[in-house]
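One file, start_35.cif, carrying mmCIF, C-alpha atoms:
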```cif
data_coords
loop_
_atom_site.label_atom_id
_atom_site.label_comp_id
_atom_site.auth_asym_id
_atom_site.auth_seq_id
_atom_site.Cartn_x
_atom_site.Cartn_y
_atom_site.Cartn_z
CA MET A 12 128.57 -96.64 28.12
CA GLY A 13 129.54 -96.01 31.74
CA VAL A 14 129.11 -92.52 33.11
CA LYS A 15 130.28 -90.77 36.27
CA VAL A 16 127.61 -89.03 38.27
CA CYS A 17 129.38 -86.11 39.92
CA ALA A 18 127.19 -83.03 40.11
CA MET A 19 124.08 -84.96 41.11
CA THR A 20 123.63 -86.84 44.36
CA ALA A 21 121.78 -89.44 42.31
CA THR A 22 123.43 -92.65 41.22
CA VAL A 23 122.32 -94.94 38.44
CA LEU A 24 123.52 -98.32 39.53
CA ALA A 25 124.57 -101.36 37.55
CA PRO A 26 124.34 -104.69 39.43
CA ALA A 27 128.07 -105.27 38.94
CA ALA A 28 128.89 -102.10 40.87
CA PHE A 29 127.38 -103.47 44.05
CA ALA A 30 128.75 -106.95 43.56
CA SER A 31 132.28 -105.55 43.63
CA GLY A 32 131.84 -104.19 47.18
CA ARG A 33 133.65 -100.91 46.37
CA THR A 34 132.97 -97.99 48.68
CA SER A 35 134.05 -95.22 46.31
CA ARG A 36 131.68 -93.99 43.65
CA PRO A 37 132.17 -96.29 40.63
CA ARG A 38 131.61 -95.78 36.96
CA LEU A 39 128.02 -96.78 36.48
CA GLU A 40 125.86 -97.96 33.63
CA LEU A 41 122.63 -96.28 32.58
CA VAL A 42 119.67 -98.55 32.06
CA GLY A 43 118.60 -97.88 28.48
CA GLN A 44 115.12 -96.99 27.32
CA THR A 45 114.95 -100.32 25.46
CA GLN A 46 114.89 -102.10 28.80
CA ARG A 47 111.84 -100.16 29.95
CA ALA A 48 109.61 -102.48 27.96
CA GLN A 49 110.85 -105.38 30.12
CA GLY A 50 108.95 -104.10 33.15
CA PRO A 51 106.06 -105.76 35.03
CA ARG A 52 104.75 -107.36 31.84
CA THR A 53 107.63 -109.84 32.02
CA GLY A 54 107.61 -110.05 35.81
CA GLU A 55 110.44 -107.57 36.52
CA ILE A 56 109.64 -104.52 38.63
CA ARG A 57 112.07 -101.65 38.15
CA VAL A 58 112.40 -99.38 41.18
CA LEU A 59 114.01 -95.97 41.70
CA ILE A 60 114.84 -95.18 45.35
CA ALA A 61 114.77 -91.52 46.41
CA HIS A 62 116.03 -90.82 49.93
CA GLY A 63 118.38 -88.23 51.40
CA GLN A 64 120.41 -90.72 53.47
CA THR A 65 122.91 -92.99 51.70
CA LEU A 66 122.71 -95.75 54.32
CA VAL A 67 118.93 -95.83 54.14
CA ARG A 68 119.05 -96.11 50.35
CA ALA A 69 121.49 -99.00 50.66
CA GLY A 70 119.23 -100.70 53.18
CA LEU A 71 116.16 -100.32 50.97
CA ARG A 72 118.12 -101.67 48.01
CA GLY A 73 119.15 -104.71 50.04
CA LEU A 74 115.56 -105.37 51.09
CA LEU A 75 114.08 -104.97 47.62
CA GLU A 76 116.55 -106.52 45.20
CA GLY A 77 116.15 -110.13 44.29
CA GLY A 78 113.47 -112.15 42.61
CA SER A 79 111.27 -109.96 40.46
CA ILE A 80 112.42 -106.57 41.79
CA SER A 81 115.41 -104.64 40.45
CA VAL A 82 116.64 -101.29 41.81
CA VAL A 83 117.71 -99.34 38.73
CA GLY A 84 118.69 -96.06 40.36
CA GLU A 85 119.07 -93.98 43.50
CA ALA A 86 118.47 -90.29 44.12
CA GLY A 87 119.52 -88.24 47.11
CA GLY A 88 117.20 -85.28 46.45
CA GLY A 89 113.96 -84.26 44.80
CA ASP A 90 115.55 -82.71 41.71
CA ASP A 91 117.64 -85.81 41.10
CA ALA A 92 114.62 -88.05 41.58
CA VAL A 93 112.74 -86.23 38.81
CA THR A 94 115.77 -86.29 36.49
CA LEU A 95 116.33 -90.02 36.94
CA ALA A 96 112.64 -90.86 36.73
CA ARG A 97 112.48 -89.14 33.35
CA ARG A 98 115.64 -90.84 32.16
CA LEU A 99 115.06 -94.36 33.45
CA ARG A 100 111.26 -94.50 33.47
CA PRO A 101 111.03 -97.01 36.35
CA ASP A 102 107.83 -98.77 37.29
CA VAL A 103 107.89 -97.56 40.89
CA VAL A 104 109.58 -94.62 42.62
CA LEU A 105 110.04 -95.27 46.34
CA MET A 106 110.37 -91.76 47.76
CA ASP A 107 111.00 -90.34 51.21
CA ALA A 108 108.50 -87.66 52.25
CA THR A 109 111.27 -85.29 53.38
CA LEU A 110 113.66 -85.27 50.43
CA PRO A 111 116.24 -82.46 50.35
CA GLY A 112 116.12 -80.05 47.44
CA LEU A 113 112.93 -80.03 45.39
CA ASP A 114 109.87 -80.54 47.56
CA ALA A 115 108.61 -84.14 47.45
CA VAL A 116 105.09 -83.13 46.40
CA GLU A 117 106.41 -80.93 43.60
CA ALA A 118 108.67 -83.78 42.50
CA ILE A 119 105.64 -86.07 42.33
CA LYS A 120 103.78 -83.55 40.19
CA GLN A 121 106.71 -83.29 37.80
CA MET A 122 106.84 -87.09 37.51
CA ALA A 123 103.12 -87.33 36.76
CA PRO A 124 103.47 -87.14 32.94
CA ILE A 125 105.87 -90.11 32.84
CA PRO A 126 103.98 -93.09 31.39
CA ASP A 127 103.26 -96.06 33.66
CA LEU A 128 105.21 -94.60 36.59
CA ARG A 129 103.81 -94.96 40.10
CA VAL A 130 105.09 -93.29 43.25
CA MET A 131 105.09 -94.82 46.72
CA MET A 132 106.07 -92.66 49.67
CA LEU A 133 107.84 -93.40 52.94
CA THR A 134 106.42 -91.21 55.68
CA ALA A 135 107.13 -90.53 59.35
CA ALA A 136 104.46 -90.99 62.01
CA ASP A 137 103.85 -87.23 62.33
CA ALA A 138 103.78 -86.38 58.62
CA ASP A 139 100.02 -86.17 58.12
CA GLY A 140 100.22 -83.00 56.04
CA ILE A 141 102.62 -84.43 53.46
CA VAL A 142 100.54 -87.60 53.16
CA PHE A 143 97.41 -85.58 52.49
CA THR A 144 98.97 -83.37 49.83
CA SER A 145 100.82 -86.28 48.24
CA LEU A 146 97.57 -88.18 47.80
CA ARG A 147 96.20 -85.26 45.87
CA ALA A 148 99.38 -85.12 43.79
CA GLY A 149 98.93 -88.72 42.72
CA VAL A 150 100.89 -90.97 45.10
CA ARG A 151 99.67 -94.56 44.89
CA GLY A 152 101.03 -95.89 48.16
CA PHE A 153 102.17 -94.82 51.62
CA LEU A 154 104.44 -96.76 53.95
CA ALA A 155 105.34 -95.88 57.52
CA GLN A 156 109.08 -95.88 58.11
CA ASP A 157 108.70 -98.69 60.65
CA THR A 158 107.14 -101.00 58.05
CA GLU A 159 108.29 -104.61 58.16
CA PRO A 160 110.53 -105.70 55.26
CA ALA A 161 108.01 -108.22 53.95
CA GLU A 162 105.33 -105.54 53.84
CA LEU A 163 107.67 -103.22 51.92
CA VAL A 164 108.23 -105.82 49.21
CA ARG A 165 104.53 -106.64 49.06
CA ALA A 166 103.59 -102.97 48.77
CA VAL A 167 106.04 -102.37 45.91
CA ARG A 168 104.54 -105.29 44.02
CA LEU A 169 101.00 -104.05 44.62
CA VAL A 170 101.78 -100.54 43.44
CA ALA A 171 103.67 -101.84 40.40
CA ARG A 172 100.52 -103.72 39.38
CA GLY A 173 98.53 -100.51 39.48
CA GLU A 174 97.00 -101.06 42.90
CA ALA A 175 97.15 -98.67 45.85
CA HIS A 176 98.49 -99.36 49.32
CA LEU A 177 98.31 -97.71 52.73
CA SER A 178 100.16 -98.94 55.79
CA PRO A 179 97.78 -99.55 58.71
CA SER A 180 99.43 -96.81 60.76
CA VAL A 181 98.88 -94.31 57.96
CA ALA A 182 95.29 -95.11 56.98
CA ASP A 183 93.29 -93.75 59.91
CA ARG A 184 95.20 -90.52 60.35
CA LEU A 185 95.22 -89.90 56.61
CA ILE A 186 91.46 -90.15 56.36
CA ALA A 187 90.92 -88.10 59.52
CA GLU A 188 93.22 -85.39 58.15
CA TYR A 189 91.58 -85.48 54.74
CA VAL A 190 88.01 -85.07 55.92
CA SER A 191 89.00 -82.28 58.32
CA GLN A 192 90.24 -80.02 55.53
CA PRO A 193 87.99 -76.95 55.12
CA ASP A 194 88.21 -76.98 51.32
CA ILE A 195 87.02 -80.57 50.93
CA LYS A 196 83.67 -80.77 49.19
CA ALA A 197 81.51 -83.82 49.58
CA PRO A 198 80.12 -85.40 46.41
CA SER A 199 76.88 -83.80 45.26
CA ASN A 200 73.60 -85.40 46.27
CA ASP A 201 72.88 -86.01 42.61
CA LEU A 202 75.95 -88.21 42.31
CA LEU A 203 75.18 -90.11 45.51
CA GLU A 204 71.58 -90.66 44.47
CA GLU A 205 72.80 -92.44 41.37
CA LEU A 206 74.25 -95.20 43.55
CA THR A 207 72.15 -98.24 44.27
CA ASN A 208 71.93 -99.51 47.83
CA ARG A 209 74.30 -102.33 46.94
CA GLU A 210 76.79 -99.90 45.37
CA ARG A 211 76.72 -97.78 48.52
CA GLU A 212 77.45 -100.88 50.54
CA VAL A 213 80.30 -101.81 48.23
CA VAL A 214 81.83 -98.32 48.42
CA ALA A 215 81.79 -98.53 52.21
CA LEU A 216 83.56 -101.90 52.04
CA VAL A 217 86.18 -100.46 49.71
CA ALA A 218 86.76 -97.71 52.28
CA ARG A 219 87.39 -100.40 54.91
CA GLY A 220 90.19 -101.74 52.73
CA LEU A 221 88.50 -104.86 51.38
CA THR A 222 89.67 -106.27 48.07
CA ASN A 223 87.21 -107.43 45.42
CA GLN A 224 87.63 -111.02 46.61
CA GLU A 225 86.89 -110.03 50.20
CA ILE A 226 83.90 -107.93 49.15
CA ALA A 227 82.57 -110.91 47.22
CA GLU A 228 82.91 -113.14 50.27
CA HIS A 229 81.26 -110.55 52.50
CA LEU A 230 78.29 -110.08 50.18
CA VAL A 231 78.15 -113.73 49.08
CA VAL A 232 78.53 -112.88 45.39
CA THR A 233 81.13 -113.75 42.78
CA PRO A 234 84.35 -111.71 42.54
CA GLY A 235 83.27 -110.62 39.06
CA THR A 236 80.01 -109.23 40.44
CA ALA A 237 81.88 -107.40 43.21
CA LYS A 238 84.26 -105.89 40.67
CA THR A 239 81.32 -104.77 38.52
CA HIS A 240 79.72 -103.00 41.49
CA VAL A 241 82.98 -101.24 42.31
CA SER A 242 83.52 -100.19 38.69
CA ARG A 243 80.00 -98.80 38.36
CA ALA A 244 80.35 -96.86 41.61
CA MET A 245 83.64 -95.37 40.39
CA VAL A 246 82.02 -94.23 37.15
CA LYS A 247 79.02 -92.72 38.90
CA LEU A 248 81.13 -90.88 41.47
CA HIS A 249 83.75 -89.79 38.91
CA ALA A 250 86.52 -91.49 40.87
CA ARG A 251 89.74 -91.86 38.86
CA ASP A 252 90.81 -94.92 40.88
CA ARG A 253 89.94 -96.87 44.00
CA ALA A 254 92.18 -94.73 46.18
CA GLN A 255 90.00 -91.73 45.33
CA LEU A 256 86.90 -93.85 45.88
CA VAL A 257 88.05 -94.38 49.48
CA VAL A 258 88.31 -90.62 49.97
CA ILE A 259 84.87 -90.04 48.44
CA ALA A 260 83.39 -92.64 50.78
CA TYR A 261 84.60 -90.65 53.78
CA GLU A 262 83.57 -87.32 52.31
CA ALA A 263 80.08 -88.65 51.64
CA GLY A 264 79.68 -90.18 55.10
CA LEU A 265 79.52 -93.72 53.73
CA ALA A 266 82.44 -94.56 56.04
CA SER A 267 83.97 -92.95 59.11
CA PRO A 268 87.52 -92.59 60.46
CA GLY A 269 88.50 -95.70 62.36
CA ALA A 270 87.17 -98.15 59.78
CA ALA A 271 90.45 -98.01 57.86
CA SER A 272 92.57 -99.46 60.65
CA ARG A 273 93.69 -102.35 58.50
CA SER A 274 96.05 -102.11 55.55
CA LEU A 275 94.39 -100.84 52.41
CA ALA A 276 95.50 -103.08 49.58
CA ILE A 277 93.25 -101.67 46.89
CA ALA A 278 92.79 -104.11 44.03
CA THR A 279 91.95 -103.12 40.50
#
```
In structure tokens, how does this file's structure come out?
Amino acid sequence: MGVKVCAMTATVLAPAAFASGRTSRPRLELVGQTQRAQGPRTGEIRVLIAHGQTLVRAGLRGLLEGGSISVVGEAGGGDDAVTLARRLRPDVVLMDATLPGLDAVEAIKQMAPIPDLRVMMLTAADADGIVFTSLRAGVRGFLAQDTEPAELVRAVRLVARGEAHLSPSVADRLIAEYVSQPDIKAPSNDLLEELTNREREVVALVARGLTNQEIAEHLVVTPGTAKTHVSRAMVKLHARDRAQLVVIAYEAGLASPGAASRSLAIAT
């Protein structure tokens, strides 16, 4: 059944609404919970866009829609983003770092319990602080606002698959900011001593942004062997995912700021 969204700045958009070309706010269809099961498993990636500017949301929609990506909703503020994420349960929330209303980091925390939802954030060049805190809150990807359209689409697909992504312009300053925090504690020596020399080498390569395939080529081993080394290092260092493994590598001195100058497309 169609519903009018009046009190919220969010809009839940049916494809037919955009096809009509109307400029006034139309009656829109909610995407039902039964469609949630048709997510990445069948090739469709369902995206919720959260940005305070209507024109920017429309531009992002135009760049993303088509092929295997479907924009199922838009939110103009943090509160609306949380409400729609809970209702629609998208695969990816593409969120601006400076949303009006509810703080973006708090919105991310409130979305955390939603199953299989991953958040990717758009950030300005001078927003180091929000990137740092968002990483801790559970964001899986960061894109600079000057990202090329093709990179945007690629990043959404990576994050939807459970991988993590950092734009090249974000990676170095994120790591530099992270390791400069006074409350950051390096992994204990006991944990580091559990790593073999090869695992230390692999962790350093992960911090440089290499995928399992690239690590395998660098070490002249099979991709399966590279993945096993990465997995064992994650277990030993108590890293919840490869994004956290990158942070641990810098905290432990296994890598240094400047090595992450390339895009981090972190494969699982």
Taking only C-alpha atoms into account, produce a table as JSON lines in which each residue of region 216-259 of chain A with an atom at most 12 Å from an atom of region 142-151 of chain A appears once, together with its shortest atom pair and the distance in Å to one decimal, ordered by chain and rising number.
```
{"residue": "A:Arg251", "atom": "CA", "partner": "A:Gly149", "partner_atom": "CA", "distance": 10.5}
{"residue": "A:Asp252", "atom": "CA", "partner": "A:Arg151", "partner_atom": "CA", "distance": 9.7}
{"residue": "A:Arg253", "atom": "CA", "partner": "A:Arg151", "partner_atom": "CA", "distance": 10.0}
{"residue": "A:Ala254", "atom": "CA", "partner": "A:Arg151", "partner_atom": "CA", "distance": 7.6}
{"residue": "A:Gln255", "atom": "CA", "partner": "A:Leu146", "partner_atom": "CA", "distance": 8.7}
{"residue": "A:Val257", "atom": "CA", "partner": "A:Leu146", "partner_atom": "CA", "distance": 11.5}
{"residue": "A:Val258", "atom": "CA", "partner": "A:Leu146", "partner_atom": "CA", "distance": 9.8}
```
Identify all residues satisfying the PyMOL selection byres ((chain A and resi 58) around 6) in the given file; provide them as number ranges by chain. A: 57, 59, 82-83, 101, 103-104
Residue subset to file, keeping C-alpha atoms, as a compact mmCIF listing (two decimals), in the frame of the given file:
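Printed below is selection-v1.txt as written:
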```
# COMPACT_ATOMS: atom_id res chain seq x y z
CA ARG A 57 112.07 -101.65 38.15
CA LEU A 59 114.01 -95.97 41.70
CA VAL A 82 116.64 -101.29 41.81
CA VAL A 83 117.71 -99.34 38.73
CA PRO A 101 111.03 -97.01 36.35
CA VAL A 103 107.89 -97.56 40.89
CA VAL A 104 109.58 -94.62 42.62
```
Extract, using only C-alpha atoms, all DNA, RNA and protein residues at most 10 Å from region 243-247 of chain A, discarding same-chain residues fewer than 6 positions from it, and format them as a CSV table (one decimal) with C-alpha atoms, in the frame of the given file.
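Final output, around23.csv:
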```csv
chain,number,residue,atom,x,y,z
A,201,ASP,CA,72.9,-86.0,42.6
A,202,LEU,CA,76.0,-88.2,42.3
A,203,LEU,CA,75.2,-90.1,45.5
A,204,GLU,CA,71.6,-90.7,44.5
A,205,GLU,CA,72.8,-92.4,41.4
A,206,LEU,CA,74.2,-95.2,43.6
A,207,THR,CA,72.2,-98.2,44.3
A,209,ARG,CA,74.3,-102.3,46.9
A,210,GLU,CA,76.8,-99.9,45.4
A,211,ARG,CA,76.7,-97.8,48.5
A,213,VAL,CA,80.3,-101.8,48.2
A,214,VAL,CA,81.8,-98.3,48.4
A,253,ARG,CA,89.9,-96.9,44.0
A,255,GLN,CA,90.0,-91.7,45.3
A,256,LEU,CA,86.9,-93.8,45.9
A,259,ILE,CA,84.9,-90.0,48.4
```
Interatomic distance (Å, one decimal) between CA of Ser178 (chain A) and CA of Ala61 (chain A): 18.9 Å
One-decimal distance in Å that lies between CA of Ala161 (chain A) and CA of Met106 (chain A):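 Computed distance, CA of Met106 (chain A) to CA of Ala161 (chain A), equals 17.7 Å.
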Which residue is closest to Leu71 (chain A)? Choose from A:Ala263, A:Met132, A:Leu163, A:Ala215 and count only C-alpha atoms.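 Comparing A:Ala263, A:Met132, A:Leu163, A:Ala215 against Leu71 (chain A), the winner is A:Leu163.
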Go through A:Ala266, A:Pro160, A:Tyr261, A:Asp102 and flag the residue nearest Arg72 (chain A), using only C-alpha atoms for the distances.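 Looking at the shortest contact to Arg72 (chain A), the residue is A:Pro160.
For the set A:Leu99, A:Val93, A:Leu248, A:Ile60, the residue with the smallest atom-to-atom gap to Leu133 (chain A) is A:Ile60, counting only C-alpha atoms.
Taking CA of Glu85 (chain A) and CA of Pro111 (chain A) as endpoints, the distance between them is 13.7 Å.
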Using only C-alpha atoms, can you tell me which of A:Ala69, A:Leu169, A:Leu177, A:Val231 comes closest to Gly152 (chain A)?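 Residue with the minimum atom-to-atom distance to Gly152 (chain A): A:Leu177.
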Please determine, counting only C-alpha atoms, which residue among A:Ala260, A:Val164, A:Asp91, A:Thr158 has the shortest atom-to-atom distance to Leu75 (chain A).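 So, comparing all the options, the nearest one is A:Val164.
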